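Note: the block below is final.cif and it holds mmCIF, C-alpha atoms.
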data_protein
#
loop_
_atom_site.label_atom_id
_atom_site.label_comp_id
_atom_site.auth_asym_id
_atom_site.auth_seq_id
_atom_site.Cartn_x
_atom_site.Cartn_y
_atom_site.Cartn_z
CA MET P 93 44.13 154.02 -38.00
CA ASP P 94 45.54 154.19 -41.51
CA LEU P 95 44.52 157.45 -43.20
CA LYS P 96 43.09 155.36 -46.04
CA GLU P 97 40.47 154.13 -43.55
CA ALA P 98 40.06 157.28 -41.46
CA PRO P 99 37.75 159.24 -43.82
CA LYS P 100 34.99 156.76 -43.11
CA ILE P 101 34.41 158.24 -39.64
CA PRO P 102 34.80 161.81 -38.33
CA LEU P 103 38.26 162.47 -36.92
CA ASN P 104 36.75 163.46 -33.58
CA SER P 105 34.58 160.37 -33.31
CA ALA P 106 34.80 158.22 -30.18
CA GLN P 107 33.95 155.14 -32.24
CA ARG P 108 37.03 152.98 -32.51
CA HIS P 109 37.46 149.36 -33.44
CA PRO P 110 38.17 147.07 -30.42
CA TRP P 111 41.38 145.97 -32.15
CA GLU P 112 42.60 149.57 -32.16
CA LEU P 113 41.70 150.07 -28.52
CA ALA P 114 43.41 146.84 -27.47
CA ARG P 115 46.49 147.52 -29.59
CA LEU P 116 46.83 150.91 -27.90
CA GLU P 117 47.08 149.08 -24.55
CA VAL P 118 49.70 146.74 -26.00
CA ILE P 119 51.79 149.67 -27.28
CA TYR P 120 51.51 151.46 -23.95
CA ASN P 121 52.58 148.31 -22.10
CA LEU P 122 55.58 147.84 -24.41
CA LEU P 123 56.58 151.49 -23.95
CA LYS P 124 56.58 150.96 -20.19
CA LYS P 125 58.91 148.00 -20.69
CA ILE P 126 61.24 150.27 -22.64
CA CYS P 127 60.98 153.03 -20.04
CA PRO P 128 59.53 151.83 -16.70
CA ASN P 129 59.20 155.45 -15.47
CA ALA P 130 57.53 156.59 -18.69
CA GLU P 131 54.84 158.63 -16.91
CA GLN P 132 57.52 160.84 -15.31
CA SER P 133 60.01 160.93 -18.20
CA SER P 134 60.64 163.96 -20.41
CA MET P 135 61.53 161.88 -23.44
CA HIS P 136 60.92 162.69 -27.12
CA ILE P 137 58.81 160.09 -28.94
CA LEU P 138 58.48 160.08 -32.73
CA ASP P 139 55.59 158.23 -34.37
CA ILE P 140 56.40 157.58 -38.04
CA GLY P 141 53.39 156.66 -40.17
CA CYS P 142 51.04 157.89 -37.44
CA GLY P 143 47.84 157.67 -39.51
CA ASP P 144 44.97 159.60 -37.96
CA THR P 145 47.03 160.23 -34.75
CA PHE P 146 44.77 158.11 -32.54
CA VAL P 147 47.70 156.28 -30.91
CA VAL P 148 50.04 159.24 -30.47
CA ASP P 149 47.18 161.41 -29.16
CA ASN P 150 46.28 158.86 -26.48
CA LEU P 151 49.90 158.19 -25.54
CA SER P 152 50.52 161.90 -25.07
CA ARG P 153 47.64 162.05 -22.58
CA ARG P 154 49.12 159.17 -20.58
CA LEU P 155 52.72 160.41 -20.72
CA PRO P 156 52.31 164.10 -19.82
CA PHE P 157 56.02 164.88 -19.53
CA ALA P 158 56.95 163.45 -22.92
CA LYS P 159 57.16 165.38 -26.18
CA PHE P 160 55.60 163.78 -29.26
CA SER P 161 56.19 164.27 -32.96
CA ALA P 162 53.93 162.56 -35.50
CA VAL P 163 54.76 162.10 -39.19
CA ASP P 164 52.66 160.74 -42.03
CA SER P 165 53.38 161.26 -45.73
CA GLU P 166 49.65 161.09 -46.50
CA PHE P 167 48.82 164.23 -44.52
CA THR P 168 47.24 167.00 -46.57
CA ASP P 169 47.54 170.70 -45.77
CA THR P 170 44.02 170.46 -44.34
CA ASP P 171 45.04 167.55 -42.10
CA ILE P 172 48.08 169.44 -40.81
CA SER P 173 46.03 172.53 -40.02
CA ARG P 174 43.27 170.51 -38.35
CA PHE P 175 45.60 168.49 -36.16
CA ARG P 176 47.72 171.47 -35.15
CA GLU P 177 44.60 173.33 -34.10
CA ARG P 178 43.43 170.30 -32.13
CA TYR P 179 46.76 169.85 -30.34
CA LYS P 180 47.50 173.51 -29.74
CA GLY P 181 49.08 173.96 -26.32
CA ARG P 182 50.02 170.29 -26.05
CA PRO P 183 53.53 168.80 -26.54
CA LEU P 184 52.42 167.12 -29.78
CA ASP P 185 53.03 168.32 -33.32
CA VAL P 186 52.42 166.80 -36.74
CA TYR P 187 54.50 166.82 -39.93
CA ARG P 188 54.15 165.59 -43.48
CA SER P 189 57.75 164.34 -43.71
CA LEU P 190 60.83 163.70 -41.63
CA ASP P 191 62.57 166.56 -43.46
CA CYS P 192 59.86 168.94 -42.21
CA LEU P 193 60.37 167.62 -38.70
CA TRP P 194 64.14 168.09 -38.69
CA ARG P 195 63.91 171.61 -40.11
CA THR P 196 61.82 172.71 -37.14
CA THR P 197 62.74 170.27 -34.35
CA PRO P 198 66.36 169.09 -34.66
CA GLU P 199 66.28 167.28 -31.32
CA GLN P 200 67.38 163.95 -29.93
CA ILE P 201 64.77 161.21 -30.40
CA ASP P 202 64.48 158.74 -27.54
CA ILE P 203 61.87 156.35 -28.96
CA ILE P 204 60.69 155.84 -32.54
CA LEU P 205 57.37 154.10 -33.16
CA LEU P 206 56.85 152.23 -36.44
CA LEU P 207 53.39 150.79 -35.85
CA ASP P 208 52.24 148.73 -38.83
CA VAL P 209 54.44 150.79 -41.15
CA ILE P 210 57.26 148.80 -42.77
CA GLU P 211 54.87 146.41 -44.53
CA HIS P 212 53.88 149.44 -46.64
CA VAL P 213 57.48 149.98 -47.78
CA LYS P 214 58.74 148.03 -50.78
CA ASP P 215 62.38 148.13 -49.60
CA ASP P 216 61.80 147.71 -45.88
CA CYS P 217 65.44 147.01 -45.07
CA GLY P 218 66.66 150.06 -47.00
CA PHE P 219 64.06 152.21 -45.28
CA LEU P 220 65.19 151.03 -41.84
CA LYS P 221 68.85 151.61 -42.69
CA LYS P 222 68.00 155.17 -43.66
CA LEU P 223 66.16 155.75 -40.39
CA ARG P 224 69.22 154.64 -38.42
CA THR P 225 71.28 157.47 -39.91
CA MET P 226 68.75 160.31 -39.73
CA PRO P 227 69.23 163.36 -37.47
CA GLY P 228 68.20 162.87 -33.88
CA VAL P 229 68.92 159.14 -33.85
CA SER P 230 71.76 157.98 -31.62
CA ASP P 231 72.99 154.77 -30.01
CA GLY P 232 70.41 155.28 -27.28
CA THR P 233 67.39 155.58 -29.57
CA VAL P 234 64.93 152.70 -29.17
CA PHE P 235 62.73 151.51 -32.04
CA LEU P 236 59.38 149.82 -31.39
CA LEU P 237 57.82 148.11 -34.41
CA THR P 238 54.61 146.21 -35.01
CA VAL P 239 53.70 144.38 -38.23
CA PRO P 240 50.90 142.12 -39.51
CA ALA P 241 51.91 138.48 -39.11
CA PHE P 242 52.13 135.50 -41.47
CA GLN P 243 52.27 135.84 -45.24
CA SER P 244 49.89 132.88 -45.58
CA LEU P 245 47.19 135.22 -44.25
CA PHE P 246 47.85 137.90 -46.86
CA SER P 247 44.42 138.93 -48.13
CA LYS P 248 42.55 141.52 -50.14
CA HIS P 249 42.48 143.63 -47.02
CA ASP P 250 46.29 143.78 -47.20
CA VAL P 251 46.02 144.75 -50.87
CA TYR P 252 43.48 147.43 -49.94
CA LEU P 253 45.90 148.86 -47.37
CA LYS P 254 48.78 148.65 -49.90
CA HIS P 255 50.80 146.15 -47.89
CA HIS P 256 53.74 144.52 -49.66
CA ARG P 257 54.01 141.64 -47.23
CA ARG P 258 53.24 140.16 -43.82
CA TYR P 259 55.98 138.87 -41.50
CA ASN P 260 56.65 136.02 -39.17
CA LYS P 261 58.82 136.83 -36.16
CA ILE P 262 62.00 135.40 -37.68
CA GLN P 263 61.54 137.43 -40.87
CA LEU P 264 61.02 140.58 -38.86
CA ILE P 265 64.11 139.90 -36.74
CA ASN P 266 66.26 139.14 -39.79
CA THR P 267 65.11 142.33 -41.51
CA LEU P 268 66.09 144.37 -38.47
CA ILE P 269 69.47 142.65 -38.13
CA ASP P 270 70.18 143.15 -41.85
CA ALA P 271 69.39 146.84 -41.36
CA GLY P 272 71.97 147.04 -38.56
CA PHE P 273 69.73 146.99 -35.49
CA HIS P 274 70.31 145.12 -32.24
CA LEU P 275 67.25 143.20 -31.12
CA GLN P 276 66.13 143.49 -27.50
CA LYS P 277 62.75 141.75 -27.50
CA SER P 278 60.23 140.35 -29.96
CA GLY P 279 57.02 138.37 -30.00
CA TYR P 280 53.44 138.07 -31.21
CA PHE P 281 50.14 139.33 -29.87
CA PHE P 282 46.43 138.72 -30.47
CA SER P 283 46.61 134.95 -30.86
CA SER P 284 42.83 134.65 -30.60
CA LEU P 285 42.42 136.61 -33.86
CA LEU P 286 44.40 134.09 -35.90
CA LEU P 287 41.47 131.71 -36.28
CA VAL P 288 39.20 134.60 -37.23
CA ARG P 289 41.60 135.64 -39.98
CA VAL P 290 41.95 132.04 -41.18
CA PHE P 291 38.16 131.86 -41.63
CA GLU P 292 38.14 135.25 -43.37
CA LYS P 293 40.90 134.08 -45.71
CA ALA P 294 38.99 130.88 -46.48
CA ALA P 295 35.81 132.86 -47.16
CA GLU P 296 37.75 135.12 -49.50
CA VAL P 297 38.90 132.11 -51.51
CA THR P 298 35.45 130.50 -51.71
CA SER P 299 33.47 133.72 -52.16
CA PRO P 300 35.75 136.28 -53.77
CA HIS P 301 34.68 139.91 -53.67
CA ASN P 302 35.89 143.02 -55.40
CA ILE P 303 38.72 144.90 -53.70
CA GLN P 304 36.63 148.06 -54.08
CA ASN P 305 34.22 146.62 -51.53
CA GLU P 306 36.86 146.62 -48.80
CA LYS P 307 35.95 149.03 -46.01
CA GLY P 308 38.61 148.59 -43.33
CA ILE P 309 38.23 149.35 -39.64
CA GLY P 310 37.25 152.94 -40.38
CA ALA P 311 33.79 151.64 -41.29
CA TRP P 312 33.33 150.10 -37.82
CA ARG P 313 30.24 151.15 -35.92
CA SER P 314 30.42 150.80 -32.16
CA ARG P 315 28.50 148.08 -30.37
CA TYR P 316 29.42 149.61 -27.00
CA MET P 317 29.37 146.82 -24.39
CA LEU P 318 30.33 144.20 -26.97
CA ASP P 319 33.25 146.36 -28.11
CA ASP P 320 34.43 146.73 -24.54
CA PHE P 321 34.19 142.97 -24.01
CA ILE P 322 36.19 142.25 -27.19
CA LYS P 323 38.83 144.83 -26.23
CA HIS P 324 39.34 143.28 -22.81
CA CYS P 325 39.51 139.78 -24.29
CA LEU P 326 42.28 140.94 -26.63
CA ILE P 327 44.17 142.57 -23.77
CA ILE P 328 43.94 139.33 -21.78
CA ASP P 329 45.11 137.50 -24.91
CA TYR P 330 48.24 139.70 -25.00
CA LYS P 331 48.93 139.27 -21.29
CA VAL P 332 48.62 135.48 -21.53
CA ALA P 333 51.05 135.39 -24.46
CA ARG P 334 53.46 137.62 -22.53
CA TRP P 335 53.23 135.37 -19.46
CA VAL P 336 53.85 132.11 -21.31
CA SER P 337 56.79 133.71 -23.14
CA ASN P 338 58.53 133.91 -19.75
CA TYR P 339 58.67 130.10 -19.90
CA GLY P 340 60.09 130.00 -23.41
CA LEU P 341 56.75 129.42 -25.14
CA ASN P 342 56.03 131.75 -28.05
CA MET P 343 52.36 131.82 -28.98
CA PRO P 344 51.72 132.95 -32.58
CA GLY P 345 49.47 135.95 -33.10
CA LEU P 346 47.94 138.09 -35.80
CA SER P 347 50.55 140.78 -35.13
CA ALA P 348 54.27 140.68 -34.38
CA TYR P 349 56.40 143.21 -32.57
CA ALA P 350 60.05 143.96 -32.01
CA ILE P 351 62.00 146.31 -29.75
CA CYS P 352 65.50 147.15 -30.92
CA ILE P 353 68.27 149.75 -30.70
CA THR P 354 70.67 151.18 -33.25
#
Could you express the structure from this file as structure tokens?
Amino acid sequence: MDLKEAPKIPLNSAQRHPWELARLEVIYNLLKKICPNAEQSSMHILDIGCGDTFVVDNLSRRLPFAKFSAVDSEFTDTDISRFRERYKGRPLDVYRSLDCLWRTTPEQIDIILLLDVIEHVKDDCGFLKKLRTMPGVSDGTVFLLTVPAFQSLFSKHDVYLKHHRRYNKIQLINTLIDAGFHLQKSGYFFSSLLLVRVFEKAAEVTSPHNIQNEKGIGAWRSRYMLDDFIKHCLIIDYKVARWVSNYGLNMPGLSAYAICIT
């Protein structure tokens, strides 16, 4: 969850939006494609723009032999202290910047996660070029990115989250190639949410509301069984899209992803 949304619920709350829960499963599945023996691997995974650490926290529980570093420029001193106390004794640490990370942990990075991050960066290509040359990154470092899809769906929610753009798959691929990366795999996920977002976009046009009224997923209140049903529907959605992609069919989705190497 973006830290802009996180204050709306306690950091230790079990209430999470079904989209977040389903996306976690997608990320975990993609990580296993990158490293099939991920559960037994002692790799170093860096999550840049980690938000409230929900994803990296859960991944660290599933990948007990991996070391995790989490960076977010929006962390306050209070956030850093709170997270470090929470993760004491676990192979997971948090940092406010990449410079802080490299001063304390100048180690090889095996996988870098950029999960809904580069849309926040005005010069996305320049940012990615810089990441390619930072300490700890080598020819074997794998980058996993997710981004919101389709500029035509850009809405006040994107403005609220300070997004500069949304991407289609070709735009994402071209940005990565321009930054010097070598693409390994790309695609979309959550096709079933496209129609929902189209209706939301239409409603925004016909019944405009003030950006200050945006709440984000941090305002979600659990509906328990319904949440679980929605989460599993989204996971099935992802698996169907992955299956049909084996036959050369690329289903569009509300999010796009790419796996690439330097």
| request: Go ahead and compute the interatomic distance for atom CA of Ile140 of chain P and atom CA of Thr233 of chain P, in Å to one decimal. | output: 14.0 Å
Under the PyMOL selection byres ((chain P and resi 278) around 10), which residues of this model are included? Write them out as an mmCIF file with C-alpha atoms, in the coordinates of the input.
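selection35.cif was written with the following content:
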data_model
loop_
_atom_site.group_PDB
_atom_site.id
_atom_site.type_symbol
_atom_site.label_atom_id
_atom_site.label_comp_id
_atom_site.auth_asym_id
_atom_site.auth_seq_id
_atom_site.Cartn_x
_atom_site.Cartn_y
_atom_site.Cartn_z
ATOM 1 C CA LEU P 236 59.380 149.820 -31.390
ATOM 2 C CA LEU P 237 57.820 148.110 -34.410
ATOM 3 C CA THR P 238 54.610 146.210 -35.010
ATOM 4 C CA LYS P 261 58.820 136.830 -36.160
ATOM 5 C CA ILE P 262 62.000 135.400 -37.680
ATOM 6 C CA LEU P 264 61.020 140.580 -38.860
ATOM 7 C CA ILE P 265 64.110 139.900 -36.740
ATOM 8 C CA LEU P 275 67.250 143.200 -31.120
ATOM 9 C CA GLN P 276 66.130 143.490 -27.500
ATOM 10 C CA LYS P 277 62.750 141.750 -27.500
ATOM 11 C CA GLY P 279 57.020 138.370 -30.000
ATOM 12 C CA TYR P 280 53.440 138.070 -31.210
ATOM 13 C CA ASN P 342 56.030 131.750 -28.050
ATOM 14 C CA ALA P 348 54.270 140.680 -34.380
ATOM 15 C CA TYR P 349 56.400 143.210 -32.570
ATOM 16 C CA ALA P 350 60.050 143.960 -32.010
ATOM 17 C CA ILE P 351 62.000 146.310 -29.750
ATOM 18 C CA CYS P 352 65.500 147.150 -30.920
#
| said: I need the output of the PyMOL selection byres ((chain P and resi 219) around 12) for this file as number ranges by chain; which residues are they? | reply: P: 140, 206, 209-218, 220-226, 267-268, 270-272
| Neighbour residues at most 10 Å from (53.2, 147.4, -26.2) (all atoms listed in the file) as a list in words |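 With a cut-off of 10 Å, the residues come to Ala114, Arg115, Leu116, Glu117, Val118, Ile119, Tyr120, Asn121, Leu122, Leu123, Lys124, Lys125, Ile126, Leu236, Leu237, Thr238, Phe281, Tyr330, Tyr349, Ala350 and Ile351 of chain P.
Contact shell of Thr197 of chain P at 12 Å (all atoms listed in the file; same-chain neighbours under 4 positions omitted): His136, Leu138, Lys159, Phe160, Ser161, Ala162, Leu184, Asp185, Val186, Tyr187, Leu190, Asp191, Cys192, Leu193, Ile201, Pro227 and Gly228 of chain P.
The coordinates place atom CA of Asp320 of chain P at 7.0 Å from atom CA of Pro110 of chain P.
Counting all atoms listed in the file, the residue from P:Arg174, P:Ser283, P:Ile203, P:Thr145 that sits nearest to Ala158 of chain P is P:Ile203.
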| field | Counting all atoms listed in the file, the option among P:Arg182, P:Arg176, P:Arg195, P:His249 closest to Arg289 of chain P | value | P:His249
| request: With a distance cut-off of 12 Å and all atoms listed in the file, select the neighbouring residues of Val290 of chain P, excluding the residue or stretch itself and same-chain residues fewer than 6 positions from it, and output the selection as an MDAnalysis selection string. | output: chainID P and resid 242:247 283:284 296:297 345:346
| field | Between atom CA of Gln200 of chain P and atom CA of Ser230 of chain P, distance in Å (one decimal) | value | 7.6 Å
| message | Which residue is closest to Met135 of chain P? Choose from P:Tyr179, P:Leu341, P:Gly232, P:Tyr259 and count only C-alpha atoms. | response | P:Gly232
| Selected residue, from P:Ile353, P:Leu326, P:Glu177, P:Val229, that lies nearest to Ile269 of chain P when counting all atoms listed in the file | P:Ile353
| query | Using only C-alpha atoms, which residue out of P:Glu199, P:Asp208, P:Asp231, P:Glu292 lies closest to Leu253 of chain P? | reply |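 When distances to Leu253 of chain P are compared using only C-alpha atoms, the smallest one comes from P:Asp208.
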| Using the chain letters and numbers from the file, which residues does the PyMOL selection byres ((chain P and resi 168-171) around 12) grab, as an MDAnalysis selection string? | chainID P and resid 95 98:99 103 143:145 163:167 172:178 185:189
Reconstructed segment 141-157 of chain P, atom set N, CA and C atoms, as a compact mmCIF listing (two decimals), in the coordinates of the input:
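In the end it all went to selection.txt:
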# COMPACT_ATOMS: atom_id res chain seq x y z
N GLY P 141 54.53 157.35 -39.59
CA GLY P 141 53.39 156.66 -40.17
C GLY P 141 52.24 156.65 -39.17
N CYS P 142 51.96 157.80 -38.59
CA CYS P 142 51.04 157.89 -37.44
C CYS P 142 49.58 157.76 -37.82
N GLY P 143 49.24 157.78 -39.11
CA GLY P 143 47.84 157.67 -39.51
C GLY P 143 47.02 158.83 -38.98
N ASP P 144 45.87 158.53 -38.41
CA ASP P 144 44.97 159.60 -37.96
C ASP P 144 45.29 160.11 -36.55
N THR P 145 46.46 159.77 -36.04
CA THR P 145 47.03 160.23 -34.75
C THR P 145 46.32 159.67 -33.52
N PHE P 146 45.49 158.68 -33.68
CA PHE P 146 44.77 158.11 -32.54
C PHE P 146 45.74 157.61 -31.46
N VAL P 147 46.77 156.86 -31.88
CA VAL P 147 47.70 156.28 -30.91
C VAL P 147 48.53 157.36 -30.24
N VAL P 148 49.15 158.24 -31.04
CA VAL P 148 50.04 159.24 -30.47
C VAL P 148 49.26 160.23 -29.60
N ASP P 149 48.04 160.53 -29.96
CA ASP P 149 47.18 161.41 -29.16
C ASP P 149 46.95 160.79 -27.78
N ASN P 150 46.56 159.53 -27.75
CA ASN P 150 46.28 158.86 -26.48
C ASN P 150 47.54 158.66 -25.64
N LEU P 151 48.65 158.35 -26.29
CA LEU P 151 49.90 158.19 -25.54
C LEU P 151 50.32 159.51 -24.90
N SER P 152 50.12 160.61 -25.61
CA SER P 152 50.52 161.90 -25.07
C SER P 152 49.70 162.28 -23.84
N ARG P 153 48.47 161.80 -23.76
CA ARG P 153 47.64 162.05 -22.58
C ARG P 153 48.12 161.23 -21.38
N ARG P 154 48.66 160.04 -21.66
CA ARG P 154 49.12 159.17 -20.58
C ARG P 154 50.55 159.48 -20.13
N LEU P 155 51.32 160.11 -21.02
CA LEU P 155 52.72 160.41 -20.72
C LEU P 155 52.88 161.93 -20.78
N PRO P 156 52.41 162.63 -19.76
CA PRO P 156 52.31 164.10 -19.82
C PRO P 156 53.63 164.85 -19.89
N PHE P 157 54.73 164.20 -19.51
CA PHE P 157 56.02 164.88 -19.53
C PHE P 157 56.80 164.63 -20.83
